[in-house]
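Text of work_37.pdb, listed as PDB, C-alpha atoms, pLDDT in the B column:
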MODEL        1
ATOM      1  CA  MET A  20     -52.909  11.410  29.298  1.00 72.00           C
ATOM      2  CA  LYS A  21     -53.413   8.550  31.777  1.00 82.00           C
ATOM      3  CA  PHE A  22     -52.448   5.944  29.154  1.00 78.00           C
ATOM      4  CA  GLN A  23     -49.299   7.877  28.195  1.00 85.00           C
ATOM      5  CA  ARG A  24     -48.310   8.350  31.850  1.00 89.00           C
ATOM      6  CA  GLN A  25     -48.815   4.677  32.632  1.00 90.00           C
ATOM      7  CA  ALA A  26     -46.836   3.663  29.537  1.00 85.00           C
ATOM      8  CA  LYS A  27     -44.023   5.937  30.741  1.00 89.00           C
ATOM      9  CA  ILE A  28     -44.191   4.341  34.214  1.00 92.00           C
ATOM     10  CA  LEU A  29     -43.759   0.896  32.658  1.00 89.00           C
ATOM     11  CA  GLU A  30     -40.820   2.164  30.630  1.00 88.00           C
ATOM     12  CA  LEU A  31     -39.215   3.783  33.686  1.00 93.00           C
ATOM     13  CA  ILE A  32     -39.464   0.693  35.889  1.00 92.00           C
ATOM     14  CA  GLU A  33     -38.167  -1.525  33.108  1.00 86.00           C
ATOM     15  CA  HIS A  34     -34.972   0.516  32.713  1.00 88.00           C
ATOM     16  CA  ASN A  35     -34.422   1.851  36.245  1.00 91.00           C
ATOM     17  CA  GLU A  36     -34.425   0.591  39.816  1.00 92.00           C
ATOM     18  CA  ILE A  37     -37.245   2.698  41.214  1.00 94.00           C
ATOM     19  CA  GLU A  38     -37.786   2.046  44.909  1.00 94.00           C
ATOM     20  CA  THR A  39     -40.492   4.491  46.003  1.00 95.00           C
ATOM     21  CA  GLN A  40     -43.607   6.226  44.774  1.00 95.00           C
ATOM     22  CA  GLU A  41     -41.878   9.544  45.448  1.00 94.00           C
ATOM     23  CA  GLU A  42     -38.957   8.595  43.202  1.00 95.00           C
ATOM     24  CA  LEU A  43     -41.365   7.519  40.475  1.00 95.00           C
ATOM     25  CA  SER A  44     -43.359  10.731  40.830  1.00 95.00           C
ATOM     26  CA  THR A  45     -40.177  12.842  40.672  1.00 95.00           C
ATOM     27  CA  ARG A  46     -39.013  11.106  37.498  1.00 95.00           C
ATOM     28  CA  LEU A  47     -42.423  11.572  35.889  1.00 95.00           C
ATOM     29  CA  ARG A  48     -42.466  15.280  36.776  1.00 94.00           C
ATOM     30  CA  SER A  49     -38.963  15.689  35.292  1.00 95.00           C
ATOM     31  CA  LEU A  50     -40.371  14.256  32.057  1.00 94.00           C
ATOM     32  CA  GLY A  51     -43.241  16.770  32.008  1.00 93.00           C
ATOM     33  CA  TYR A  52     -46.010  14.726  33.638  1.00 92.00           C
ATOM     34  CA  ASP A  53     -47.965  16.636  36.286  1.00 89.00           C
ATOM     35  CA  THR A  54     -48.377  13.961  38.960  1.00 91.00           C
ATOM     36  CA  THR A  55     -49.151  13.668  42.630  1.00 90.00           C
ATOM     37  CA  GLN A  56     -48.427  10.841  45.027  1.00 89.00           C
ATOM     38  CA  ALA A  57     -52.109   9.855  44.887  1.00 92.00           C
ATOM     39  CA  THR A  58     -52.029   9.660  41.069  1.00 93.00           C
ATOM     40  CA  VAL A  59     -48.889   7.519  41.124  1.00 94.00           C
ATOM     41  CA  SER A  60     -50.435   5.296  43.786  1.00 94.00           C
ATOM     42  CA  ARG A  61     -53.532   4.733  41.613  1.00 93.00           C
ATOM     43  CA  ASP A  62     -51.341   4.036  38.581  1.00 92.00           C
ATOM     44  CA  ILE A  63     -49.332   1.455  40.555  1.00 93.00           C
ATOM     45  CA  LYS A  64     -52.589  -0.242  41.544  1.00 91.00           C
ATOM     46  CA  ASP A  65     -54.013  -0.087  37.988  1.00 88.00           C
ATOM     47  CA  LEU A  66     -50.807  -1.513  36.513  1.00 87.00           C
ATOM     48  CA  ARG A  67     -50.601  -4.173  39.252  1.00 87.00           C
ATOM     49  CA  LEU A  68     -46.991  -3.330  39.970  1.00 91.00           C
ATOM     50  CA  ILE A  69     -45.167  -5.287  42.639  1.00 90.00           C
ATOM     51  CA  LYS A  70     -41.925  -4.766  44.519  1.00 90.00           C
ATOM     52  CA  ILE A  71     -39.175  -7.285  43.920  1.00 87.00           C
ATOM     53  CA  LEU A  72     -35.660  -7.688  45.229  1.00 85.00           C
ATOM     54  CA  SER A  73     -33.216  -6.475  42.594  1.00 82.00           C
ATOM     55  CA  PRO A  74     -29.717  -7.897  42.046  1.00 81.00           C
ATOM     56  CA  SER A  75     -28.328  -4.858  43.897  1.00 84.00           C
ATOM     57  CA  GLY A  76     -30.236  -5.890  47.043  1.00 86.00           C
ATOM     58  CA  LYS A  77     -32.791  -3.078  46.870  1.00 88.00           C
ATOM     59  CA  TYR A  78     -36.526  -3.452  46.371  1.00 92.00           C
ATOM     60  CA  ARG A  79     -37.839  -2.001  43.138  1.00 92.00           C
ATOM     61  CA  TYR A  80     -41.087  -1.808  41.201  1.00 92.00           C
ATOM     62  CA  ALA A  81     -41.759  -4.405  38.496  1.00 89.00           C
ATOM     63  CA  THR A  82     -44.757  -5.776  36.657  1.00 84.00           C
ATOM     64  CA  SER A  83     -46.064  -9.027  38.037  1.00 75.00           C
ATOM     65  CA  SER A  84     -46.189 -10.502  34.519  1.00 64.00           C
ATOM     66  CA  GLN A  85     -42.448  -9.815  34.020  1.00 59.00           C
ATOM     67  CA  GLU A  86     -41.586 -11.752  37.154  1.00 59.00           C
ATOM     68  CA  ALA A  87     -43.955 -14.612  36.371  1.00 54.00           C
ATOM     69  CA  GLU A  88     -42.529 -14.894  32.858  1.00 58.00           C
ATOM     70  CA  LYS A  89     -38.929 -14.834  34.140  1.00 62.00           C
ATOM     71  CA  SER A  90     -39.724 -17.523  36.684  1.00 58.00           C
ATOM     72  CA  PHE A  91     -41.553 -19.627  34.102  1.00 54.00           C
ATOM     73  CA  THR A  92     -38.762 -19.260  31.530  1.00 59.00           C
ATOM     74  CA  SER A  93     -36.131 -20.110  34.131  1.00 67.00           C
ATOM     75  CA  ARG A  94     -38.012 -23.260  35.109  1.00 64.00           C
ATOM     76  CA  LEU A  95     -38.368 -24.258  31.457  1.00 63.00           C
ATOM     77  CA  GLN A  96     -34.647 -23.759  30.875  1.00 71.00           C
ATOM     78  CA  ASN A  97     -33.934 -26.071  33.814  1.00 76.00           C
ATOM     79  CA  ILE A  98     -36.279 -28.666  32.317  1.00 74.00           C
ATOM     80  CA  PHE A  99     -34.506 -28.194  28.974  1.00 77.00           C
ATOM     81  CA  ARG A 100     -31.108 -28.864  30.587  1.00 82.00           C
ATOM     82  CA  GLU A 101     -32.435 -31.990  32.271  1.00 83.00           C
ATOM     83  CA  CYS A 102     -34.124 -33.577  29.261  1.00 87.00           C
ATOM     84  CA  VAL A 103     -31.800 -32.818  26.316  1.00 91.00           C
ATOM     85  CA  THR A 104     -29.325 -35.573  25.458  1.00 94.00           C
ATOM     86  CA  GLY A 105     -27.892 -34.166  22.218  1.00 94.00           C
ATOM     87  CA  VAL A 106     -28.088 -31.406  19.649  1.00 96.00           C
ATOM     88  CA  ASP A 107     -26.962 -31.179  16.029  1.00 97.00           C
ATOM     89  CA  ALA A 108     -27.628 -29.107  12.921  1.00 97.00           C
ATOM     90  CA  ALA A 109     -28.501 -30.107   9.371  1.00 97.00           C
ATOM     91  CA  GLN A 110     -28.173 -26.877   7.428  1.00 97.00           C
ATOM     92  CA  ASN A 111     -30.774 -24.522   8.962  1.00 98.00           C
ATOM     93  CA  ILE A 112     -32.586 -27.276  10.898  1.00 98.00           C
ATOM     94  CA  VAL A 113     -31.557 -27.987  14.485  1.00 97.00           C
ATOM     95  CA  VAL A 114     -32.260 -31.506  15.742  1.00 97.00           C
ATOM     96  CA  ILE A 115     -32.502 -31.919  19.507  1.00 96.00           C
ATOM     97  CA  LYS A 116     -32.608 -35.387  21.065  1.00 96.00           C
ATOM     98  CA  THR A 117     -34.251 -35.768  24.470  1.00 92.00           C
ATOM     99  CA  LEU A 118     -34.980 -38.452  26.987  1.00 91.00           C
ATOM    100  CA  PRO A 119     -38.085 -40.498  26.041  1.00 92.00           C
ATOM    101  CA  ALA A 120     -41.390 -38.613  26.294  1.00 86.00           C
ATOM    102  CA  LEU A 121     -39.676 -35.231  26.893  1.00 86.00           C
ATOM    103  CA  GLY A 122     -39.615 -33.854  23.344  1.00 89.00           C
ATOM    104  CA  SER A 123     -42.668 -31.684  23.996  1.00 84.00           C
ATOM    105  CA  ALA A 124     -41.171 -30.274  27.208  1.00 80.00           C
ATOM    106  CA  ALA A 125     -37.995 -29.307  25.347  1.00 85.00           C
ATOM    107  CA  ALA A 126     -40.020 -27.703  22.519  1.00 86.00           C
ATOM    108  CA  ILE A 127     -42.090 -25.676  24.988  1.00 80.00           C
ATOM    109  CA  ALA A 128     -38.867 -24.459  26.623  1.00 79.00           C
ATOM    110  CA  ILE A 129     -37.420 -23.499  23.239  1.00 83.00           C
ATOM    111  CA  ASP A 130     -40.568 -21.596  22.277  1.00 81.00           C
ATOM    112  CA  ALA A 131     -40.531 -19.764  25.634  1.00 74.00           C
ATOM    113  CA  MET A 132     -36.936 -18.664  25.009  1.00 76.00           C
ATOM    114  CA  ARG A 133     -38.218 -16.643  22.029  1.00 78.00           C
ATOM    115  CA  LEU A 134     -35.093 -17.216  19.983  1.00 84.00           C
ATOM    116  CA  PRO A 135     -34.824 -14.357  17.470  1.00 86.00           C
ATOM    117  CA  ASN A 136     -33.639 -16.589  14.612  1.00 92.00           C
ATOM    118  CA  ALA A 137     -36.012 -19.494  15.229  1.00 93.00           C
ATOM    119  CA  VAL A 138     -38.822 -19.669  12.709  1.00 94.00           C
ATOM    120  CA  GLY A 139     -40.662 -22.518  14.424  1.00 92.00           C
ATOM    121  CA  SER A 140     -40.362 -25.846  16.162  1.00 93.00           C
ATOM    122  CA  ILE A 141     -42.050 -29.219  16.107  1.00 95.00           C
ATOM    123  CA  SER A 142     -41.630 -32.052  18.557  1.00 93.00           C
ATOM    124  CA  GLY A 143     -42.086 -35.763  18.801  1.00 93.00           C
ATOM    125  CA  ASP A 144     -41.607 -38.181  21.660  1.00 92.00           C
ATOM    126  CA  ASP A 145     -37.832 -37.743  21.974  1.00 95.00           C
ATOM    127  CA  THR A 146     -36.902 -35.356  19.164  1.00 96.00           C
ATOM    128  CA  VAL A 147     -37.383 -31.652  18.440  1.00 96.00           C
ATOM    129  CA  PHE A 148     -36.819 -29.971  15.078  1.00 97.00           C
ATOM    130  CA  ILE A 149     -36.227 -26.225  15.017  1.00 96.00           C
ATOM    131  CA  ALA A 150     -36.248 -24.330  11.727  1.00 97.00           C
ATOM    132  CA  MET A 151     -33.733 -21.498  11.968  1.00 97.00           C
ATOM    133  CA  ARG A 152     -33.516 -18.543   9.585  1.00 96.00           C
ATOM    134  CA  ASP A 153     -30.162 -19.655   8.183  1.00 97.00           C
ATOM    135  CA  ASN A 154     -27.341 -22.184   8.590  1.00 97.00           C
ATOM    136  CA  ASP A 155     -25.210 -19.875  10.740  1.00 96.00           C
ATOM    137  CA  SER A 156     -28.077 -19.355  13.209  1.00 95.00           C
ATOM    138  CA  ALA A 157     -28.511 -23.113  13.490  1.00 96.00           C
ATOM    139  CA  LEU A 158     -24.800 -23.674  14.180  1.00 96.00           C
ATOM    140  CA  GLU A 159     -24.710 -20.829  16.714  1.00 94.00           C
ATOM    141  CA  PHE A 160     -27.754 -22.222  18.559  1.00 92.00           C
ATOM    142  CA  CYS A 161     -26.171 -25.697  18.673  1.00 94.00           C
ATOM    143  CA  GLU A 162     -22.980 -24.264  20.162  1.00 92.00           C
ATOM    144  CA  GLN A 163     -24.896 -22.259  22.772  1.00 87.00           C
ATOM    145  CA  THR A 164     -26.991 -25.295  23.665  1.00 88.00           C
ATOM    146  CA  ARG A 165     -23.947 -27.540  24.048  1.00 89.00           C
ATOM    147  CA  ASN A 166     -22.329 -24.941  26.334  1.00 84.00           C
ATOM    148  CA  MET A 167     -25.506 -24.717  28.405  1.00 80.00           C
ATOM    149  CA  LEU A 168     -25.633 -28.511  28.773  1.00 81.00           C
ATOM    150  CA  LYS A 169     -22.061 -28.781  30.114  1.00 79.00           C
TER     151      LYS A 169
ENDMDL
END

Please render this file's structure as structure tokens.
Amino acid sequence: MKFQRQAKILELIEHNEIETQEELSTRLRSLGYDTTQATVSRDIKDLRLIKILSPSGKYRYATSSQEAEKSFTSRLQNIFRECVTGVDAAQNIVVIKTLPALGSAAAIAIDAMRLPNAVGSISGDDTVFIAMRDNDSALEFCEQTRNMLK
């Protein structure tokens, strides 16, 4: 029961701006979980939830790993913007040119983006190859990358 309740808590905070333990407890009870404030408090501690400022200006619960990953991915995307000098496609292979010695940084950023149509990437000193699932995915990624670099 504890595992199911905690899984539901993670689902609730991912899809809703939950500000208080009381609000979380109320939502759990409405879903059939018999909870108390003390139980919710222990679950928050077990799950290592933190409060973050949401775009609406309110504080809400989130997992610390979500925020760390968002911050990390955002930093990698900034690095990507700074080091990429060109992008082109050859059928389903995307070729990304970077400043010297920054191919690996660009590849790490690409891998962190978890592109749904990317099969894999490999990098050299100033070049990254990305194998995409098909030609259209490669062209779409090139267009998105060029727009991001503007």

Box for segment 144-157 of chain A - axis-aligned, 3 Å on each of the six sides, all listed atoms - centre and size in Å to one decimal, as JSON.
{"center_x": -33.4, "center_y": -28.4, "center_z": 15.1, "size_x": 22.4, "size_y": 25.6, "size_z": 19.8}

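Using all atoms listed in the file, the nearest neighbour of Gln110 of chain A within the list A:Ala157, A:Ile63, A:Ile32, A:Ala81 is A:Ala157.
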
Could you tell me which of A:Ala120, A:Ala137, A:Leu29, A:Ile37 comes closest to Tyr78 of chain A if we count only C-alpha atoms?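 Among the listed residues, A:Ile37 lies closest to Tyr78 of chain A.
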
So which residues are close to (-41.7, 6.3, 29.4), meaning at most 12 Å away in the file's coordinates with all atoms listed in the file counted, and can you show them as a VMD selection string? chain A and resid 22 to 35 43 46 to 52

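The protein and nucleic acid residues lying at most 10 Å from Ser142 of chain A are Val114, Ile115, Lys116, Leu121, Gly122, Ser123, Ala124, Ala125, Ala126, Ile127, Thr146, Val147, Phe148 and Ile149 of chain A, with only C-alpha atoms considered and sequence neighbours fewer than 4 positions away removed.
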
Can you pull segment 110-121 of chain A out of that block with N, CA, C and O atoms and hand it back as a PDB file, in the first residue's frame?
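That gives us decode_31.pdb:
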ATOM      1  N   GLN A 110      20.627  11.956 -45.493  1.00  0.00           N
ATOM      2  CA  GLN A 110      19.595  10.944 -45.302  1.00  0.00           C
ATOM      3  C   GLN A 110      19.190  10.917 -43.827  1.00  0.00           C
ATOM      4  O   GLN A 110      18.734  11.925 -43.322  1.00  0.00           O
ATOM      5  N   ASN A 111      19.373   9.798 -43.125  1.00  0.00           N
ATOM      6  CA  ASN A 111      18.940   9.752 -41.722  1.00  0.00           C
ATOM      7  C   ASN A 111      20.063  10.095 -40.745  1.00  0.00           C
ATOM      8  O   ASN A 111      19.882   9.991 -39.539  1.00  0.00           O
ATOM      9  N   ILE A 112      21.201  10.549 -41.232  1.00  0.00           N
ATOM     10  CA  ILE A 112      22.324  10.919 -40.380  1.00  0.00           C
ATOM     11  C   ILE A 112      22.407  12.440 -40.298  1.00  0.00           C
ATOM     12  O   ILE A 112      22.450  13.133 -41.311  1.00  0.00           O
ATOM     13  N   VAL A 113      22.435  12.951 -39.073  1.00  0.00           N
ATOM     14  CA  VAL A 113      22.603  14.387 -38.853  1.00  0.00           C
ATOM     15  C   VAL A 113      24.075  14.617 -38.525  1.00  0.00           C
ATOM     16  O   VAL A 113      24.654  13.904 -37.702  1.00  0.00           O
ATOM     17  N   VAL A 114      24.662  15.612 -39.201  1.00  0.00           N
ATOM     18  CA  VAL A 114      26.058  15.969 -38.960  1.00  0.00           C
ATOM     19  C   VAL A 114      26.073  17.352 -38.331  1.00  0.00           C
ATOM     20  O   VAL A 114      25.548  18.308 -38.899  1.00  0.00           O
ATOM     21  N   ILE A 115      26.641  17.427 -37.134  1.00  0.00           N
ATOM     22  CA  ILE A 115      26.725  18.701 -36.410  1.00  0.00           C
ATOM     23  C   ILE A 115      28.199  19.094 -36.321  1.00  0.00           C
ATOM     24  O   ILE A 115      29.025  18.304 -35.870  1.00  0.00           O
ATOM     25  N   LYS A 116      28.497  20.302 -36.760  1.00  0.00           N
ATOM     26  CA  LYS A 116      29.853  20.851 -36.660  1.00  0.00           C
ATOM     27  C   LYS A 116      29.903  21.762 -35.435  1.00  0.00           C
ATOM     28  O   LYS A 116      28.967  22.514 -35.181  1.00  0.00           O
ATOM     29  N   THR A 117      31.014  21.653 -34.686  1.00  0.00           N
ATOM     30  CA  THR A 117      31.175  22.457 -33.480  1.00  0.00           C
ATOM     31  C   THR A 117      32.509  23.202 -33.525  1.00  0.00           C
ATOM     32  O   THR A 117      33.346  22.943 -34.395  1.00  0.00           O
ATOM     33  N   LEU A 118      32.686  24.066 -32.574  1.00  0.00           N
ATOM     34  CA  LEU A 118      33.986  24.685 -32.382  1.00  0.00           C
ATOM     35  C   LEU A 118      34.979  23.585 -32.001  1.00  0.00           C
ATOM     36  O   LEU A 118      34.573  22.532 -31.480  1.00  0.00           O
ATOM     37  N   PRO A 119      36.279  23.780 -32.259  1.00  0.00           N
ATOM     38  CA  PRO A 119      37.262  22.741 -31.925  1.00  0.00           C
ATOM     39  C   PRO A 119      37.164  22.297 -30.466  1.00  0.00           C
ATOM     40  O   PRO A 119      36.969  23.104 -29.566  1.00  0.00           O
ATOM     41  N   ALA A 120      37.284  20.991 -30.276  1.00  0.00           N
ATOM     42  CA  ALA A 120      37.301  20.331 -28.970  1.00  0.00           C
ATOM     43  C   ALA A 120      35.940  20.314 -28.259  1.00  0.00           C
ATOM     44  O   ALA A 120      35.856  19.905 -27.105  1.00  0.00           O
ATOM     45  N   LEU A 121      34.859  20.720 -28.935  1.00  0.00           N
ATOM     46  CA  LEU A 121      33.551  20.761 -28.277  1.00  0.00           C
ATOM     47  C   LEU A 121      32.555  19.735 -28.838  1.00  0.00           C
ATOM     48  O   LEU A 121      31.381  19.762 -28.505  1.00  0.00           O
TER      49      LEU A 121
END
